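Peer 1: Pasting a structure below so you can have a look.
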2 protein chains.
Amino acid sequence: MYDFVIIGGGPAGITAGIYAARQKLNTLLITKDFGGQINWKAVNIENYPGFEEISGMDLTKKFENHLKKHNVEIQKEEVRKIEKKENYFLIQTKNGNIFNSKAVLVASGAEHCSLGVSGEKEFLGKGVSYCTVCDAPMFANKNVAVVGGGNAGFEAAITLTKWTKKVYILEKTDQIKADIENQKKAEKTGRVEIITDSQVEEIKGENFVNSLDYFKKNTGEKINLPVEGVFVAIGTRPAIDFVKGLVDLNEKNEIKIDFSNCQSSCPGLFAAGDASSVACKQIIVAAGEGAKAALSAYYYLQK
Amino acid sequence: MYDFVIIGGGPAGITAGIYAARQKLNTLLITKDFGGQINWKAVNIENYPGFEEISGMDLTKKFENHLKKHNVEIQKEEVRKIEKKENYFLIQTKNGNIFNSKAVLVASGAEHCSLGVSGEKEFLGKGVSYCTVCDAPMFANKNVAVVGGGNAGFEAAITLTKWTKKVYILEKTDQIKADIENQKKAEKTGRVEIITDSQVEEIKGENFVNSLDYFKKNTGEKINLPVEGVFVAIGTRPAIDFVKGLVDLNEKNEIKIDFSNCQSSCPGLFAAGDASSVACKQIIVAAGEGAKAALSAYYYLQK
């Protein structure tokens with residue numbers, strides 16, 4: 001029986017691990033990898049205070065090393081289901097392991113949304129990608145499209161311009177949602193073209209992507225855009241399937257928390273970071289929420 | 001007229017500055033110094049994720065440099081009063097300067113509480129101290145007392161043992177409130193003695209402190225403890241005098257905030273960190289709250 005099981009190895013989970021260990025809680029952290037979404041960051045991180053500019057991979061390594069200095073057991077796998085028993089939680093993993101804990105933190109973050117259009121699955125790894133950091137160099141001197149006009153899309157586009165000839169950003173609505181900072185950076189490259197009101201309908205190719213079809217919502221036109229790469233950056237959804245039915249979720253499928261202490265609707269189950277209903281999905285906010293959640297769990301266990 | 005004035009240069013204020021600048025808000029940060037309470041930390045910081053162990057001074061320097069990479073004006077002084085005008089705030093400083101802003105963040109942190117006993121003011125700098133980092137080396141091979149059995153008191157005591165012969169921790173209640181981690185560390189030094197139920201009544205000396213009197217609450221005894229130093233670590237109070245009457249405060253004199261977005265009871269005035277009612281007074285939490293507040297101010301200004 002653990003005091004505290006943390007699910008997730010991103011900034012929220014890692015910070016919670018550090019805090020829980022320092023409070024001498026008997027703690028297990030279950031995660032399939034460290035860093036979570038930090039690993040997908042297409043550009044260097046410049047807004048985690050203390051590091052003026054750092055790559056996602058380097059920040060992840062620093063977080064992981066910091067955690068490992070503390071007495072936290074680590075289990076590298078995915079959780080399948082959590083059940084609440086009378087006064088503890090039973091956590092089943094996808095590998096069939098079972099762990100018991102008096103308190104639980106869900107800090108499992110978010111996973112990519114997919115477009116759900118024809119060609120997307122077929123050409124995955126053959127022109128379709130969800131990870132700029134991983135795949136950008138494959139597209140040297142090619143034209144590519146980024147689907148999504150939020151920060152993730154703009155950051156993907158900015159990074160891609162280092163390799164590609166031209167990057168089209170396709171945004172479904174008539175408005176760009178990316179930070180002004182990112183918009184300016186994209187403009188400065190001189191190689192990013194923004195197409196609003198554009199709904200992607202199909203990704204086409206033979207062995208490899210060679211174009212996509214989009215529907216121009218304001219004019220009604222259907223347009224074929226010749227590109228050899230399609231980067232999908234249309235957002236994320238909370239990775240919380242394993243607690244469905246156990247806790248209240250909001251309209252975005254995030255675990256509803258009491259913002260003062262990260263407590264969910266299920267006593268003893270806390271949530272932090274992008275899996276939770278916290279308003280700002282930022283690394284520094286997730287880390288702060290992880291500390292809050294671990295201290296809240298500590299007070300809960302004292303009672 | 002600024003978009004955003006941030007009051008305070010600790011982790012909350014600095015993070016807010018970085019975030020506000022990245023959203024291209026015309027931002028002024030007013031503070032008497034950088035780092036706030038981080039500067040008083042008696043021991044190295046081991047719970048700010050990314051830095052396994054770092055001195056308060058080094059972390060402050062990293063924060064300050066990070067902020068200064070961004071386009072934020074900095075005014076080094078203290079605020080005297082904030083008034084709300086029809087649709088802006090008027091900020092007066094102690095030097096008589098006046099600044100106007102559309103939104104304000106109070107991230108002014110907290111200041112030391114004093115004991116309020118005879119001898120405390122008289123012997124300040126002559127044996128009485130509020131800052132272990134600053135003054136510990138003056139007490140080589142001496143016996144000293146730390147007043148306060150919370151984390152600050154224990155951290156002061158642990159640091160002091162590197163120089164002093166013996167450290168007494170005097171705690172007013174019958175319970176130690178410091179983290180278990182700190183309690184173990186203090187015990188391991190073999191040179192810390194904890195005296196609970198002890199109410200300090202007077203600090204005595206001639207040119208320099210030579211003892212203190214305390215009242216043993218459980219037995220009724222009055223005891224004279226020969227010590228040559230008294231470190232006061234009985235907590236802090238929010239440094240928010242300049243907004244009294246303008247915003248709602250809680251019973252601890254902290255600015256009451258909506259925990260989801262750091263908004264105070266006065267629209268356009270936000271609070272973060274130790275000046276606010278956030279539950280956990282931790283560096284990483286203050287930084288996260290600073291980011292939240294700056295983004296909330298940005299959304300407020302968009303409207």
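Lettering and numbering for the structure tokens are positional, with chains as A, B, ... in the shown order, residues counted from 1 in each chain, and ligands counted from 1 in the shown order.
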Would you list which chain B residues are within 10 Å of chain A using only C-alpha atoms, as a PyMOL selection string?
Peer 2: chain B and resi 11-12+14-16+18-19+21-24+46-53+58-70+179-182+257-261+277-293+295-296
Peer 1: Could you give me, as a ChimeraX atom specification, the residues within 10 Å of B:Thr189, counting only C-alpha atoms and dropping anything in the same chain fewer than 6 positions from it?
Peer 2: /B:157-159,161-162,166
Peer 1: Give me, as JSON, numbers by chain, the residues of stretch 236-283 of chain B that a backbone DSSP run labels strand (DSSP E).
Peer 2: {"B": [236, 237, 238, 269, 270, 271]}
Peer 1: Least-squares fit on all C-alpha atoms, paired in order: put chain B onto chain A and return it as a short mmCIF file (atom, residue, chain, number, x, y, z; two decimals) with C-alpha atoms, in the first residue's frame.
Peer 2:
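This is the output file result-v9.cif:
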data_model
loop_
_atom_site.label_atom_id
_atom_site.label_comp_id
_atom_site.auth_asym_id
_atom_site.auth_seq_id
_atom_site.Cartn_x
_atom_site.Cartn_y
_atom_site.Cartn_z
CA MET B 1 -0.03 0.00 0.02
CA TYR B 2 1.50 3.31 -1.12
CA ASP B 3 0.69 6.64 0.50
CA PHE B 4 0.61 8.35 -2.87
CA VAL B 5 0.56 7.21 -6.49
CA ILE B 6 1.29 9.85 -9.12
CA ILE B 7 0.22 9.12 -12.69
CA GLY B 8 2.24 11.07 -15.24
CA GLY B 9 5.86 12.14 -15.71
CA GLY B 10 5.43 15.68 -17.07
CA PRO B 11 6.11 18.89 -15.12
CA ALA B 12 3.08 18.40 -12.81
CA GLY B 13 3.86 14.76 -11.97
CA ILE B 14 7.58 15.34 -11.50
CA THR B 15 7.09 18.35 -9.23
CA ALA B 16 4.52 16.40 -7.21
CA GLY B 17 7.04 13.56 -6.89
CA ILE B 18 9.74 15.89 -5.57
CA TYR B 19 7.33 17.45 -3.06
CA ALA B 20 5.82 14.13 -1.93
CA ALA B 21 9.25 12.58 -1.36
CA ARG B 22 10.34 15.60 0.69
CA GLN B 23 7.26 15.05 2.89
CA LYS B 24 8.39 11.40 3.27
CA LEU B 25 5.30 9.99 1.58
CA ASN B 26 5.78 6.44 0.31
CA THR B 27 5.35 7.40 -3.33
CA LEU B 28 5.08 5.59 -6.68
CA LEU B 29 5.14 7.46 -9.99
CA ILE B 30 3.68 5.64 -13.00
CA THR B 31 4.42 7.04 -16.44
CA LYS B 32 5.19 5.80 -19.92
CA ASP B 33 7.83 8.50 -20.39
CA PHE B 34 9.24 11.65 -18.81
CA GLY B 35 8.51 15.19 -19.93
CA GLY B 36 5.12 14.59 -21.53
CA GLN B 37 4.26 17.32 -24.01
CA ILE B 38 7.56 19.09 -23.33
CA ASN B 39 9.08 16.47 -25.61
CA TRP B 40 6.94 17.55 -28.56
CA LYS B 41 7.86 21.24 -28.25
CA ALA B 42 8.91 22.38 -31.71
CA VAL B 43 10.82 25.39 -30.41
CA ASN B 44 13.04 25.99 -27.40
CA ILE B 45 11.30 26.82 -24.14
CA GLU B 46 11.82 30.46 -23.15
CA ASN B 47 9.13 30.89 -20.49
CA TYR B 48 10.14 28.52 -17.70
CA PRO B 49 11.67 31.01 -15.23
CA GLY B 50 15.31 30.33 -14.49
CA PHE B 51 16.15 28.99 -17.93
CA GLU B 52 16.32 31.78 -20.49
CA GLU B 53 16.23 29.28 -23.34
CA ILE B 54 16.29 25.50 -23.15
CA SER B 55 15.28 22.66 -25.43
CA GLY B 56 12.38 20.45 -24.43
CA MET B 57 14.72 17.48 -24.26
CA ASP B 58 17.18 19.26 -21.94
CA LEU B 59 14.47 20.52 -19.60
CA THR B 60 12.95 17.03 -19.45
CA LYS B 61 16.36 15.60 -18.54
CA LYS B 62 16.80 18.18 -15.77
CA PHE B 63 13.33 17.41 -14.39
CA GLU B 64 13.95 13.67 -14.54
CA ASN B 65 17.32 13.93 -12.78
CA HIS B 66 15.83 16.17 -10.12
CA LEU B 67 13.05 13.67 -9.44
CA LYS B 68 15.49 10.75 -9.33
CA LYS B 69 17.51 12.43 -6.57
CA HIS B 70 14.48 11.81 -4.38
CA ASN B 71 13.03 8.66 -2.92
CA VAL B 72 10.22 7.98 -5.42
CA GLU B 73 9.62 4.58 -6.98
CA ILE B 74 9.16 4.73 -10.74
CA GLN B 75 7.10 2.34 -12.85
CA LYS B 76 7.39 2.85 -16.62
CA GLU B 77 4.01 1.91 -18.02
CA GLU B 78 0.46 3.12 -18.66
CA VAL B 79 -2.54 3.05 -16.36
CA ARG B 80 -5.68 1.27 -17.56
CA LYS B 81 -8.13 1.94 -14.74
CA ILE B 82 -8.46 3.37 -11.25
CA GLU B 83 -11.09 2.15 -8.81
CA LYS B 84 -11.98 3.63 -5.44
CA LYS B 85 -12.22 1.04 -2.67
CA GLU B 86 -13.48 1.84 0.81
CA ASN B 87 -10.44 3.85 1.92
CA TYR B 88 -7.87 3.34 -0.80
CA PHE B 89 -7.48 3.32 -4.57
CA LEU B 90 -6.75 0.31 -6.76
CA ILE B 91 -4.70 1.15 -9.85
CA GLN B 92 -4.50 -1.32 -12.73
CA THR B 93 -1.90 -0.87 -15.45
CA LYS B 94 -2.08 -1.90 -19.10
CA ASN B 95 0.57 -4.57 -18.38
CA GLY B 96 -1.72 -6.11 -15.76
CA ASN B 97 0.04 -4.81 -12.65
CA ILE B 98 -2.03 -3.71 -9.68
CA PHE B 99 -1.02 -1.05 -7.14
CA ASN B 100 -2.86 0.18 -4.06
CA SER B 101 -2.60 3.70 -2.70
CA LYS B 102 -4.21 5.91 -0.09
CA ALA B 103 -4.15 8.96 -2.35
CA VAL B 104 -3.72 9.46 -6.10
CA LEU B 105 -2.64 12.31 -8.34
CA VAL B 106 -3.69 12.26 -11.98
CA ALA B 107 -1.08 14.30 -13.84
CA SER B 108 -1.30 12.35 -17.07
CA GLY B 109 -1.44 15.43 -19.28
CA ALA B 110 -2.92 15.45 -22.72
CA GLU B 111 -2.53 13.60 -26.00
CA HIS B 112 -2.71 14.78 -29.65
CA CYS B 113 -6.04 15.22 -31.36
CA SER B 114 -6.25 13.82 -34.87
CA LEU B 115 -8.04 15.39 -37.85
CA GLY B 116 -10.07 12.28 -38.61
CA VAL B 117 -9.81 12.79 -42.38
CA SER B 118 -9.08 10.31 -45.12
CA GLY B 119 -5.34 9.83 -45.66
CA GLU B 120 -4.33 10.86 -42.15
CA LYS B 121 -3.79 7.35 -40.79
CA GLU B 122 -2.62 5.91 -44.10
CA PHE B 123 0.20 8.42 -44.53
CA LEU B 124 1.33 8.54 -40.88
CA GLY B 125 5.13 8.46 -41.08
CA LYS B 126 4.85 8.94 -44.84
CA GLY B 127 4.34 12.69 -44.78
CA VAL B 128 1.85 12.98 -41.92
CA SER B 129 3.34 13.84 -38.53
CA TYR B 130 2.29 15.01 -35.07
CA CYS B 131 5.82 15.83 -33.94
CA THR B 132 7.85 18.57 -35.57
CA VAL B 133 10.92 17.98 -33.40
CA CYS B 134 11.01 14.37 -34.50
CA ASP B 135 10.27 14.74 -38.19
CA ALA B 136 11.14 18.24 -39.45
CA PRO B 137 14.54 17.31 -40.98
CA MET B 138 12.80 14.86 -43.36
CA PHE B 139 11.22 17.80 -45.19
CA ALA B 140 14.29 19.72 -46.33
CA ASN B 141 13.46 22.06 -49.25
CA LYS B 142 9.89 20.83 -49.44
CA ASN B 143 6.56 22.60 -49.08
CA VAL B 144 4.58 21.51 -46.05
CA ALA B 145 1.30 22.32 -44.34
CA VAL B 146 0.69 22.77 -40.64
CA VAL B 147 -2.93 22.24 -39.65
CA GLY B 148 -3.90 24.46 -36.69
CA GLY B 149 -3.40 28.18 -36.04
CA GLY B 150 -2.76 28.02 -32.31
CA ASN B 151 0.60 28.24 -30.54
CA ALA B 152 1.47 24.64 -31.32
CA GLY B 153 0.81 25.23 -35.03
CA PHE B 154 2.84 28.41 -35.15
CA GLU B 155 5.72 26.91 -33.21
CA ALA B 156 5.72 23.94 -35.58
CA ALA B 157 5.73 26.30 -38.58
CA ILE B 158 8.58 28.44 -37.19
CA THR B 159 10.72 25.35 -36.63
CA LEU B 160 9.85 23.89 -40.01
CA THR B 161 11.05 27.01 -41.84
CA LYS B 162 14.61 26.08 -40.83
CA TRP B 163 14.36 23.16 -43.24
CA THR B 164 11.44 23.56 -45.58
CA LYS B 165 10.89 25.87 -48.54
CA LYS B 166 7.48 27.10 -47.51
CA VAL B 167 5.03 26.40 -44.70
CA TYR B 168 1.28 26.90 -44.99
CA ILE B 169 -0.64 27.25 -41.75
CA LEU B 170 -4.25 26.12 -42.22
CA GLU B 171 -6.63 27.46 -39.60
CA LYS B 172 -10.25 26.32 -39.59
CA THR B 173 -11.71 29.51 -38.09
CA ASP B 174 -11.31 33.09 -39.28
CA GLN B 175 -9.03 33.90 -36.34
CA ILE B 176 -5.45 33.11 -35.37
CA LYS B 177 -5.20 32.04 -31.76
CA ALA B 178 -1.42 31.91 -31.39
CA ASP B 179 0.35 34.39 -29.10
CA ILE B 180 1.41 37.62 -30.75
CA GLU B 181 5.05 36.68 -30.05
CA ASN B 182 4.65 33.55 -32.16
CA GLN B 183 2.80 35.40 -34.91
CA LYS B 184 5.65 37.94 -35.21
CA LYS B 185 8.27 35.20 -35.26
CA ALA B 186 6.43 33.37 -38.05
CA GLU B 187 6.07 36.57 -40.06
CA LYS B 188 9.77 37.34 -39.67
CA THR B 189 10.75 34.09 -41.38
CA GLY B 190 9.11 35.36 -44.59
CA ARG B 191 8.24 31.78 -45.46
CA VAL B 192 4.99 31.17 -43.61
CA GLU B 193 1.64 31.68 -45.35
CA ILE B 194 -1.49 31.68 -43.22
CA ILE B 195 -4.74 30.38 -44.70
CA THR B 196 -7.75 30.96 -42.44
CA ASP B 197 -11.30 29.57 -42.89
CA SER B 198 -9.77 26.39 -44.24
CA GLN B 199 -11.15 22.97 -43.35
CA VAL B 200 -8.90 20.07 -44.33
CA GLU B 201 -10.88 17.34 -46.11
CA GLU B 202 -8.35 14.80 -47.36
CA ILE B 203 -4.64 14.06 -47.36
CA LYS B 204 -3.55 12.64 -50.70
CA GLY B 205 -0.52 10.87 -52.13
CA GLU B 206 0.86 7.68 -53.55
CA ASN B 207 3.67 6.18 -51.47
CA PHE B 208 4.13 9.52 -49.76
CA VAL B 209 1.92 12.60 -49.25
CA ASN B 210 1.82 14.89 -52.28
CA SER B 211 -1.10 17.22 -51.51
CA LEU B 212 -4.12 17.96 -49.38
CA ASP B 213 -7.63 19.11 -50.17
CA TYR B 214 -9.23 21.83 -48.12
CA PHE B 215 -12.56 23.56 -48.20
CA LYS B 216 -12.46 27.35 -48.03
CA LYS B 217 -15.32 28.02 -45.64
CA ASN B 218 -15.87 31.72 -46.46
CA THR B 219 -15.97 31.28 -50.25
CA GLY B 220 -17.16 27.69 -50.54
CA GLU B 221 -14.20 26.80 -52.80
CA LYS B 222 -12.48 23.41 -52.64
CA ILE B 223 -8.74 23.81 -53.10
CA ASN B 224 -5.93 21.31 -53.67
CA LEU B 225 -2.68 22.37 -51.99
CA PRO B 226 0.47 20.61 -53.20
CA VAL B 227 2.53 19.76 -50.11
CA GLU B 228 4.80 16.86 -49.22
CA GLY B 229 4.25 17.05 -45.48
CA VAL B 230 1.27 17.60 -43.19
CA PHE B 231 1.90 18.43 -39.54
CA VAL B 232 -1.22 18.14 -37.43
CA ALA B 233 -1.30 20.63 -34.52
CA ILE B 234 -4.98 21.05 -33.76
CA GLY B 235 -4.67 20.65 -30.05
CA THR B 236 -4.81 18.01 -27.44
CA ARG B 237 -7.32 16.21 -25.28
CA PRO B 238 -6.85 15.18 -21.67
CA ALA B 239 -5.42 11.67 -21.28
CA ILE B 240 -7.86 10.68 -18.57
CA ASP B 241 -9.83 7.70 -19.93
CA PHE B 242 -8.78 5.61 -16.90
CA VAL B 243 -10.78 7.76 -14.45
CA LYS B 244 -13.99 8.12 -16.46
CA GLY B 245 -16.96 7.48 -14.21
CA LEU B 246 -14.87 8.01 -11.08
CA VAL B 247 -14.53 11.81 -11.12
CA ASP B 248 -16.44 14.79 -12.52
CA LEU B 249 -15.14 16.16 -15.83
CA ASN B 250 -15.77 19.55 -17.42
CA GLU B 251 -16.98 20.18 -20.98
CA LYS B 252 -13.41 19.77 -22.29
CA ASN B 253 -13.13 16.35 -20.65
CA GLU B 254 -10.69 17.71 -18.07
CA ILE B 255 -10.86 16.57 -14.43
CA LYS B 256 -12.71 19.28 -12.53
CA ILE B 257 -10.64 20.44 -9.58
CA ASP B 258 -11.06 22.73 -6.63
CA PHE B 259 -8.57 25.38 -7.80
CA SER B 260 -7.44 26.05 -4.25
CA ASN B 261 -6.03 22.53 -3.65
CA CYS B 262 -6.32 20.39 -6.83
CA GLN B 263 -8.89 18.06 -5.16
CA SER B 264 -11.24 16.33 -7.65
CA SER B 265 -14.83 15.36 -6.91
CA CYS B 266 -13.50 12.04 -5.53
CA PRO B 267 -11.90 12.54 -2.08
CA GLY B 268 -8.23 11.55 -2.10
CA LEU B 269 -7.95 11.81 -5.88
CA PHE B 270 -6.17 14.97 -7.00
CA ALA B 271 -5.46 16.28 -10.50
CA ALA B 272 -2.89 18.77 -11.82
CA GLY B 273 -1.59 20.10 -15.11
CA ASP B 274 -3.23 19.54 -18.49
CA ALA B 275 -5.34 16.59 -17.26
CA SER B 276 -7.09 19.03 -14.91
CA SER B 277 -9.40 21.99 -15.41
CA VAL B 278 -6.65 24.54 -14.58
CA ALA B 279 -7.00 27.45 -17.00
CA CYS B 280 -3.42 27.92 -18.23
CA LYS B 281 -1.73 25.02 -19.96
CA GLN B 282 1.83 26.15 -19.30
CA ILE B 283 4.88 24.26 -18.01
CA ILE B 284 5.42 26.61 -15.07
CA VAL B 285 1.73 26.48 -14.14
CA ALA B 286 1.67 22.66 -14.31
CA ALA B 287 4.75 22.51 -12.06
CA GLY B 288 3.15 24.88 -9.53
CA GLU B 289 -0.06 22.86 -9.56
CA GLY B 290 1.92 19.64 -9.03
CA ALA B 291 3.45 21.10 -5.85
CA LYS B 292 0.02 22.25 -4.67
CA ALA B 293 -1.49 18.80 -5.31
CA ALA B 294 1.28 16.94 -3.47
CA LEU B 295 0.99 19.19 -0.42
CA SER B 296 -2.81 18.83 -0.52
CA ALA B 297 -2.43 15.04 -0.64
CA TYR B 298 -0.04 15.26 2.32
CA TYR B 299 -2.63 17.21 4.37
CA TYR B 300 -5.36 14.77 3.25
CA LEU B 301 -3.24 11.83 4.47
CA GLN B 302 -2.53 13.52 7.82
CA LYS B 303 -6.25 13.46 8.59
#
Peer 1: Report the residues of stretch 9-138 of chain B whose backbone DSSP state falls under alpha helix (DSSP H), written as JSON, numbers by chain.
Peer 2: {"B": [11, 12, 13, 14, 15, 16, 17, 18, 19, 20, 21, 22, 56, 57, 58, 59, 60, 61, 62, 63, 64, 65, 66, 67, 68, 132, 133, 134, 135]}
Peer 1: Any chance you can output those residues with C-alpha atoms as a tab-separated table (two decimals), in the first residue's frame?
Peer 2:
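Output contents, as saved in again_15.tsv:
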chain	number	residue	atom	x	y	z
B	11	PRO	CA	9.11	34.56	-8.32
B	12	ALA	CA	5.46	35.60	-8.91
B	13	GLY	CA	6.30	39.11	-10.16
B	14	ILE	CA	9.20	37.99	-12.34
B	15	THR	CA	7.22	35.18	-13.97
B	16	ALA	CA	4.33	37.58	-14.59
B	17	GLY	CA	6.80	40.02	-16.18
B	18	ILE	CA	8.14	37.35	-18.55
B	19	TYR	CA	4.62	36.29	-19.54
B	20	ALA	CA	3.28	39.84	-19.92
B	21	ALA	CA	6.21	40.87	-22.13
B	22	ARG	CA	5.71	37.80	-24.33
B	56	GLY	CA	18.76	31.68	-3.11
B	57	MET	CA	21.15	34.26	-4.48
B	58	ASP	CA	21.90	32.22	-7.63
B	59	LEU	CA	18.24	31.49	-8.34
B	60	THR	CA	17.39	35.17	-7.87
B	61	LYS	CA	20.11	36.11	-10.36
B	62	LYS	CA	18.78	33.60	-12.90
B	63	PHE	CA	15.24	34.95	-12.47
B	64	GLU	CA	16.41	38.55	-12.78
B	65	ASN	CA	18.45	37.84	-15.93
B	66	HIS	CA	15.54	35.96	-17.46
B	67	LEU	CA	13.20	38.89	-16.82
B	68	LYS	CA	15.70	41.41	-18.20
B	132	THR	CA	20.46	33.77	8.77
B	133	VAL	CA	22.17	33.98	5.37
B	134	CYS	CA	23.32	37.48	6.15
B	135	ASP	CA	24.40	37.08	9.77
